[in-house]
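*Asks:* Take a look at this one; I'll ask things after.
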Amino acid sequence: MKSILGILFAIMVLVSCNSQKMYSDFDISYSKSGGFAPIYENLLIKGNNAFYSFEGQGKKVKQNFKISNEDLYRLEKTLSQNNFRRIEEDHKKIYDFISTSINIKRGPNSGSKTDASAIMPNYTTNWANITRVFQEIINANVKKQ
């Protein structure tokens with residue numbers, strides 16, 4: 001009996017570890033979370049495969065889709081034109097607002113930025129341009145429920 005329970009436990013551990021792989025194996029990540037009535041929104045991109053999830057406002061959406069080469073090019077171009085790697089984060093404390101995080105794991109724009117503590121004033125337009133492209137990709141590819 002103990003060996004059966006041990007085998008079942010091992011299978012559960014393997015399955016749970018494998019399900020988390022989707023959230024760690026990506027080239028590009030865009031996530032929004034927080035707020036007074038919390039929301040959680042994620043877009044993970046690996047090659048031309050994308051995974052989107054949203055939870056909040058009484059909705060729960062999970063969807064896989066293919067992202068076009070044109071959208072990937074537009075995203076890379078926007079990151080470069082808006083100096084993603086040079087955007088400076090502020091360090092003041094902000095509470096109860098929805099923060100956005102972007103992680104790029106490959107290419108010349110690789111880096112990680114968040115507006116959880118705000119973006120320095122000189123870079124707010126750059127940040128808005130970048131987040132707008134992510135939101136446009138989401139709006140064009142995710143079926144609204």
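To be explicit about the labels: the chains of the structure tokens are called A, B, and onward in the order shown, and within each one the residues are counted from 1, while ligands get numbers from 1 in the order they are shown.
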Please provide as a PDB file with C-alpha atoms, in the first residue's frame all residues within 7 Å of A:Phe97, with the sequence filter that same-chain residues fewer than 4 positions apart are discarded (counting only C-alpha atoms).
*Replies:*
ATOM      1  CA  GLY A  34      -2.503  43.809  -8.675  1.00  0.00           C
ATOM      2  CA  GLY A  35      -4.961  46.562  -8.053  1.00  0.00           C
ATOM      3  CA  PHE A  36      -7.686  47.179  -5.515  1.00  0.00           C
TER       4      PHE A  36
END
*Asks:* Pick the closest to A:Ser101 from A:Phe65, A:Phe134, A:Tyr52, A:Tyr73: which is it, counting only C-alpha atoms?
*Replies:*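 When distances to A:Ser101 are compared using only C-alpha atoms, the smallest one comes from A:Phe134.
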*Asks:* At a cut-off of 8 Å, using only C-alpha atoms, what residues contact A:Asp27? Leave out same-chain residues fewer than 6 positions from it and give the result as a ChimeraX atom specification.
*Replies:* /A:44-47,104-106
*Asks:* Hey, which of A:Asn141, A:Asn103, A:Asn129, A:Asn42 ends up closest to A:Thr78? Count only C-alpha atoms.
*Replies:* A:Asn129
*Asks:* Leaving out A:Ala50 and any residue of its chain fewer than 5 positions from it, which residues lie within 12 Å of it when counting only C-alpha atoms, given as an MDAnalysis selection string?
*Replies:* chainID A and resid 22:23 25:30 42:45 62:68 71:72 134 137:138 141:142
*Asks:* Those same residues, written as an mmCIF file, in the first residue's frame with N, CA, C and O atoms?
*Replies:*
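So again.cif came out as:
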data_model
loop_
_atom_site.group_PDB
_atom_site.id
_atom_site.type_symbol
_atom_site.label_atom_id
_atom_site.label_comp_id
_atom_site.auth_asym_id
_atom_site.auth_seq_id
_atom_site.Cartn_x
_atom_site.Cartn_y
_atom_site.Cartn_z
ATOM 1 N N MET A 22 5.551 25.681 -18.557
ATOM 2 C CA MET A 22 4.989 26.679 -19.448
ATOM 3 C C MET A 22 5.283 28.087 -18.923
ATOM 4 O O MET A 22 5.482 29.015 -19.681
ATOM 5 N N TYR A 23 5.318 28.233 -17.614
ATOM 6 C CA TYR A 23 5.500 29.550 -17.024
ATOM 7 C C TYR A 23 6.968 29.944 -16.873
ATOM 8 O O TYR A 23 7.265 31.081 -16.552
ATOM 9 N N ASP A 25 9.531 28.608 -19.267
ATOM 10 C CA ASP A 25 10.225 28.413 -20.534
ATOM 11 C C ASP A 25 9.626 29.344 -21.593
ATOM 12 O O ASP A 25 8.730 28.964 -22.337
ATOM 13 N N PHE A 26 10.091 30.587 -21.624
ATOM 14 C CA PHE A 26 9.568 31.563 -22.568
ATOM 15 C C PHE A 26 10.695 32.473 -23.037
ATOM 16 O O PHE A 26 11.732 32.574 -22.395
ATOM 17 N N ASP A 27 10.486 33.119 -24.185
ATOM 18 C CA ASP A 27 11.418 34.118 -24.684
ATOM 19 C C ASP A 27 10.996 35.513 -24.239
ATOM 20 O O ASP A 27 11.823 36.362 -23.929
ATOM 21 N N ILE A 28 9.687 35.734 -24.239
ATOM 22 C CA ILE A 28 9.133 37.045 -23.908
ATOM 23 C C ILE A 28 7.968 36.844 -22.953
ATOM 24 O O ILE A 28 7.124 35.975 -23.164
ATOM 25 N N SER A 29 7.925 37.660 -21.908
ATOM 26 C CA SER A 29 6.845 37.588 -20.933
ATOM 27 C C SER A 29 6.314 38.990 -20.662
ATOM 28 O O SER A 29 7.085 39.928 -20.456
ATOM 29 N N TYR A 30 5.000 39.099 -20.661
ATOM 30 C CA TYR A 30 4.319 40.355 -20.334
ATOM 31 C C TYR A 30 3.282 40.002 -19.284
ATOM 32 O O TYR A 30 2.471 39.102 -19.494
ATOM 33 N N ASN A 42 -1.297 37.468 -18.076
ATOM 34 C CA ASN A 42 0.011 37.014 -18.531
ATOM 35 C C ASN A 42 -0.012 36.692 -20.010
ATOM 36 O O ASN A 42 -0.964 36.090 -20.506
ATOM 37 N N LEU A 43 1.055 37.083 -20.692
ATOM 38 C CA LEU A 43 1.286 36.683 -22.077
ATOM 39 C C LEU A 43 2.709 36.148 -22.125
ATOM 40 O O LEU A 43 3.664 36.874 -21.828
ATOM 41 N N LEU A 44 2.837 34.875 -22.458
ATOM 42 C CA LEU A 44 4.138 34.222 -22.553
ATOM 43 C C LEU A 44 4.360 33.812 -23.997
ATOM 44 O O LEU A 44 3.481 33.193 -24.606
ATOM 45 N N ILE A 45 5.515 34.155 -24.537
ATOM 46 C CA ILE A 45 5.813 33.868 -25.940
ATOM 47 C C ILE A 45 7.100 33.046 -26.023
ATOM 48 O O ILE A 45 8.124 33.420 -25.450
ATOM 49 N N LYS A 62 -7.959 31.378 -20.461
ATOM 50 C CA LYS A 62 -6.669 30.761 -20.783
ATOM 51 C C LYS A 62 -6.736 30.380 -22.251
ATOM 52 O O LYS A 62 -7.701 29.761 -22.686
ATOM 53 N N GLN A 63 -5.710 30.779 -22.999
ATOM 54 C CA GLN A 63 -5.750 30.505 -24.438
ATOM 55 C C GLN A 63 -4.339 30.405 -25.001
ATOM 56 O O GLN A 63 -3.473 31.214 -24.680
ATOM 57 N N ASN A 64 -4.135 29.434 -25.862
ATOM 58 C CA ASN A 64 -2.912 29.316 -26.644
ATOM 59 C C ASN A 64 -3.195 29.838 -28.043
ATOM 60 O O ASN A 64 -4.291 29.647 -28.559
ATOM 61 N N PHE A 65 -2.213 30.501 -28.652
ATOM 62 C CA PHE A 65 -2.365 30.945 -30.029
ATOM 63 C C PHE A 65 -0.996 31.093 -30.671
ATOM 64 O O PHE A 65 0.029 31.085 -29.989
ATOM 65 N N LYS A 66 -1.003 31.188 -31.982
ATOM 66 C CA LYS A 66 0.227 31.414 -32.749
ATOM 67 C C LYS A 66 0.374 32.914 -32.951
ATOM 68 O O LYS A 66 -0.571 33.593 -33.333
ATOM 69 N N ILE A 67 1.563 33.410 -32.712
ATOM 70 C CA ILE A 67 1.843 34.825 -32.936
ATOM 71 C C ILE A 67 2.590 34.935 -34.263
ATOM 72 O O ILE A 67 3.489 34.144 -34.547
ATOM 73 N N SER A 68 2.183 35.873 -35.079
ATOM 74 C CA SER A 68 2.766 35.991 -36.420
ATOM 75 C C SER A 68 4.183 36.553 -36.363
ATOM 76 O O SER A 68 4.568 37.240 -35.409
ATOM 77 N N ASP A 71 4.038 40.302 -36.065
ATOM 78 C CA ASP A 71 3.839 40.805 -34.701
ATOM 79 C C ASP A 71 5.127 40.708 -33.887
ATOM 80 O O ASP A 71 5.450 41.611 -33.122
ATOM 81 N N LEU A 72 5.857 39.609 -34.066
ATOM 82 C CA LEU A 72 7.141 39.472 -33.357
ATOM 83 C C LEU A 72 8.127 40.548 -33.811
ATOM 84 O O LEU A 72 8.827 41.148 -32.986
ATOM 85 N N PHE A 134 2.145 45.248 -26.768
ATOM 86 C CA PHE A 134 1.736 43.994 -26.140
ATOM 87 C C PHE A 134 0.206 43.910 -26.066
ATOM 88 O O PHE A 134 -0.374 42.884 -26.389
ATOM 89 N N ILE A 137 -1.331 43.144 -29.413
ATOM 90 C CA ILE A 137 -1.167 41.736 -29.776
ATOM 91 C C ILE A 137 -2.208 40.899 -29.040
ATOM 92 O O ILE A 137 -2.850 40.010 -29.617
ATOM 93 N N ILE A 138 -2.406 41.168 -27.758
ATOM 94 C CA ILE A 138 -3.413 40.445 -26.975
ATOM 95 C C ILE A 138 -4.800 40.676 -27.570
ATOM 96 O O ILE A 138 -5.551 39.724 -27.814
ATOM 97 N N ASN A 141 -5.449 38.752 -30.843
ATOM 98 C CA ASN A 141 -5.339 37.291 -30.875
ATOM 99 C C ASN A 141 -6.185 36.546 -29.849
ATOM 100 O O ASN A 141 -6.406 35.344 -30.007
ATOM 101 N N VAL A 142 -6.638 37.204 -28.823
ATOM 102 C CA VAL A 142 -7.368 36.510 -27.765
ATOM 103 C C VAL A 142 -8.865 36.688 -27.969
ATOM 104 O O VAL A 142 -9.343 37.793 -28.161
#
*Asks:* Can you tell me, as a PyMOL selection string, what residues are no more than 12 Å from A:Gly58 when counting only C-alpha atoms, ignoring any on the same chain fewer than 2 positions away?
*Replies:* chain A and resi 37-40+54-56+60-61+145
*Asks:* Using only C-alpha atoms, find the one residue out of A:Thr100, A:Trp127, A:Asn109, A:Ile94 that sits nearest to A:Glu76.
*Replies:*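 So, comparing all the options, the nearest one is A:Asn109.
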*Asks:* May I ask which of the residues A:Ser80, A:Ala116, A:Asn69, A:Glu136 is the closest one to A:Asp96, counting only C-alpha atoms?
*Replies:*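 Closest candidate: A:Ala116.
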*Asks:* What are the nearest atom pairs, with distances in Å to one decimal, for all residues of stretch 104-136 of chain A that come at most 9 Å from stretch 82-87 of chain A, using only C-alpha atoms, set out by chain and rising residue number as JSON lines?
*Replies:*
{"residue": "A:Pro108", "atom": "CA", "partner": "A:Arg85", "partner_atom": "CA", "distance": 8.7}
{"residue": "A:Asn109", "atom": "CA", "partner": "A:Arg85", "partner_atom": "CA", "distance": 6.0}
{"residue": "A:Ser110", "atom": "CA", "partner": "A:Arg85", "partner_atom": "CA", "distance": 7.2}
{"residue": "A:Gly111", "atom": "CA", "partner": "A:Arg85", "partner_atom": "CA", "distance": 6.2}
{"residue": "A:Ser112", "atom": "CA", "partner": "A:Arg85", "partner_atom": "CA", "distance": 7.9}
{"residue": "A:Lys113", "atom": "CA", "partner": "A:Ile87", "partner_atom": "CA", "distance": 7.6}
{"residue": "A:Ile119", "atom": "CA", "partner": "A:Ile87", "partner_atom": "CA", "distance": 7.5}
{"residue": "A:Met120", "atom": "CA", "partner": "A:Ile87", "partner_atom": "CA", "distance": 7.8}
{"residue": "A:Asn122", "atom": "CA", "partner": "A:Ile87", "partner_atom": "CA", "distance": 8.5}
{"residue": "A:Tyr123", "atom": "CA", "partner": "A:Ile87", "partner_atom": "CA", "distance": 5.8}
{"residue": "A:Thr124", "atom": "CA", "partner": "A:Ile87", "partner_atom": "CA", "distance": 8.5}
{"residue": "A:Thr125", "atom": "CA", "partner": "A:Asn82", "partner_atom": "CA", "distance": 8.4}
{"residue": "A:Asn126", "atom": "CA", "partner": "A:Asn82", "partner_atom": "CA", "distance": 4.9}
{"residue": "A:Trp127", "atom": "CA", "partner": "A:Ile87", "partner_atom": "CA", "distance": 7.5}
{"residue": "A:Asn129", "atom": "CA", "partner": "A:Asn82", "partner_atom": "CA", "distance": 7.3}
{"residue": "A:Ile130", "atom": "CA", "partner": "A:Asn82", "partner_atom": "CA", "distance": 7.2}
*Asks:* With N, CA and C atoms kept, could you save the residues just selected as an mmCIF file, in the first residue's frame?
*Replies:*
data_model
loop_
_atom_site.group_PDB
_atom_site.id
_atom_site.type_symbol
_atom_site.label_atom_id
_atom_site.label_comp_id
_atom_site.auth_asym_id
_atom_site.auth_seq_id
_atom_site.Cartn_x
_atom_site.Cartn_y
_atom_site.Cartn_z
ATOM 1 N N PRO A 108 18.875 41.312 -28.533
ATOM 2 C CA PRO A 108 19.546 42.531 -28.085
ATOM 3 C C PRO A 108 18.758 43.315 -27.034
ATOM 4 N N ASN A 109 17.484 43.009 -26.885
ATOM 5 C CA ASN A 109 16.665 43.718 -25.903
ATOM 6 C C ASN A 109 16.465 42.921 -24.619
ATOM 7 N N SER A 110 17.269 41.890 -24.407
ATOM 8 C CA SER A 110 17.056 41.053 -23.228
ATOM 9 C C SER A 110 17.214 41.885 -21.962
ATOM 10 N N GLY A 111 16.294 41.654 -21.061
ATOM 11 C CA GLY A 111 16.284 42.380 -19.803
ATOM 12 C C GLY A 111 14.935 42.231 -19.141
ATOM 13 N N SER A 112 14.795 42.883 -18.009
ATOM 14 C CA SER A 112 13.573 42.805 -17.238
ATOM 15 C C SER A 112 13.249 44.187 -16.686
ATOM 16 N N LYS A 113 12.013 44.628 -16.881
ATOM 17 C CA LYS A 113 11.575 45.939 -16.399
ATOM 18 C C LYS A 113 10.179 45.806 -15.810
ATOM 19 N N ILE A 119 7.867 54.264 -13.434
ATOM 20 C CA ILE A 119 8.939 54.454 -14.410
ATOM 21 C C ILE A 119 9.377 55.904 -14.296
ATOM 22 N N MET A 120 10.661 56.142 -14.408
ATOM 23 C CA MET A 120 11.162 57.515 -14.323
ATOM 24 C C MET A 120 10.500 58.362 -15.412
ATOM 25 N N ASN A 122 11.292 60.542 -17.621
ATOM 26 C CA ASN A 122 11.886 60.624 -18.957
ATOM 27 C C ASN A 122 11.579 59.410 -19.833
ATOM 28 N N TYR A 123 11.112 58.320 -19.223
ATOM 29 C CA TYR A 123 10.903 57.070 -19.955
ATOM 30 C C TYR A 123 9.441 56.626 -20.003
ATOM 31 N N THR A 124 8.519 57.432 -19.479
ATOM 32 C CA THR A 124 7.112 56.993 -19.448
ATOM 33 C C THR A 124 6.523 56.822 -20.846
ATOM 34 N N THR A 125 6.909 57.673 -21.794
ATOM 35 C CA THR A 125 6.413 57.526 -23.165
ATOM 36 C C THR A 125 6.951 56.244 -23.791
ATOM 37 N N ASN A 126 8.229 55.951 -23.571
ATOM 38 C CA ASN A 126 8.824 54.712 -24.084
ATOM 39 C C ASN A 126 8.081 53.497 -23.532
ATOM 40 N N TRP A 127 7.835 53.510 -22.218
ATOM 41 C CA TRP A 127 7.148 52.404 -21.553
ATOM 42 C C TRP A 127 5.731 52.250 -22.111
ATOM 43 N N ASN A 129 4.626 53.117 -25.071
ATOM 44 C CA ASN A 129 4.707 52.594 -26.443
ATOM 45 C C ASN A 129 4.897 51.077 -26.437
ATOM 46 N N ILE A 130 5.745 50.599 -25.559
ATOM 47 C CA ILE A 130 6.035 49.161 -25.483
ATOM 48 C C ILE A 130 4.816 48.397 -24.976
#
*Asks:* Restricting the calculation to only C-alpha atoms, which member of A:Glu41, A:Gly107, A:Pro121, A:Lys143 is positioned closest to A:Leu79?
*Replies:*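 Closest residue, counting only C-alpha atoms: A:Gly107.
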*Asks:* As a ChimeraX atom specification, please: all residues of stretch 13-144 of chain A that backbone DSSP puts in helix (DSSP H, G or I).
*Replies:* /A:13-19,21-24,69-81,84-86,121-141
*Asks:* May I ask for the distance between atom CA of A:Gln81 and atom CA of A:Ser117, given in Å to one decimal place?
*Replies:*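 Answer for the atom CA of A:Gln81 to atom CA of A:Ser117 separation: 23.1 Å.
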*Asks:* So which bits of stretch 19-143 of chain A end up strand (DSSP E or B) when you DSSP the backbone, as a ChimeraX atom specification?
*Replies:* /A:28-34,39-46,49-56,59-66,89,98-104,111-114,119
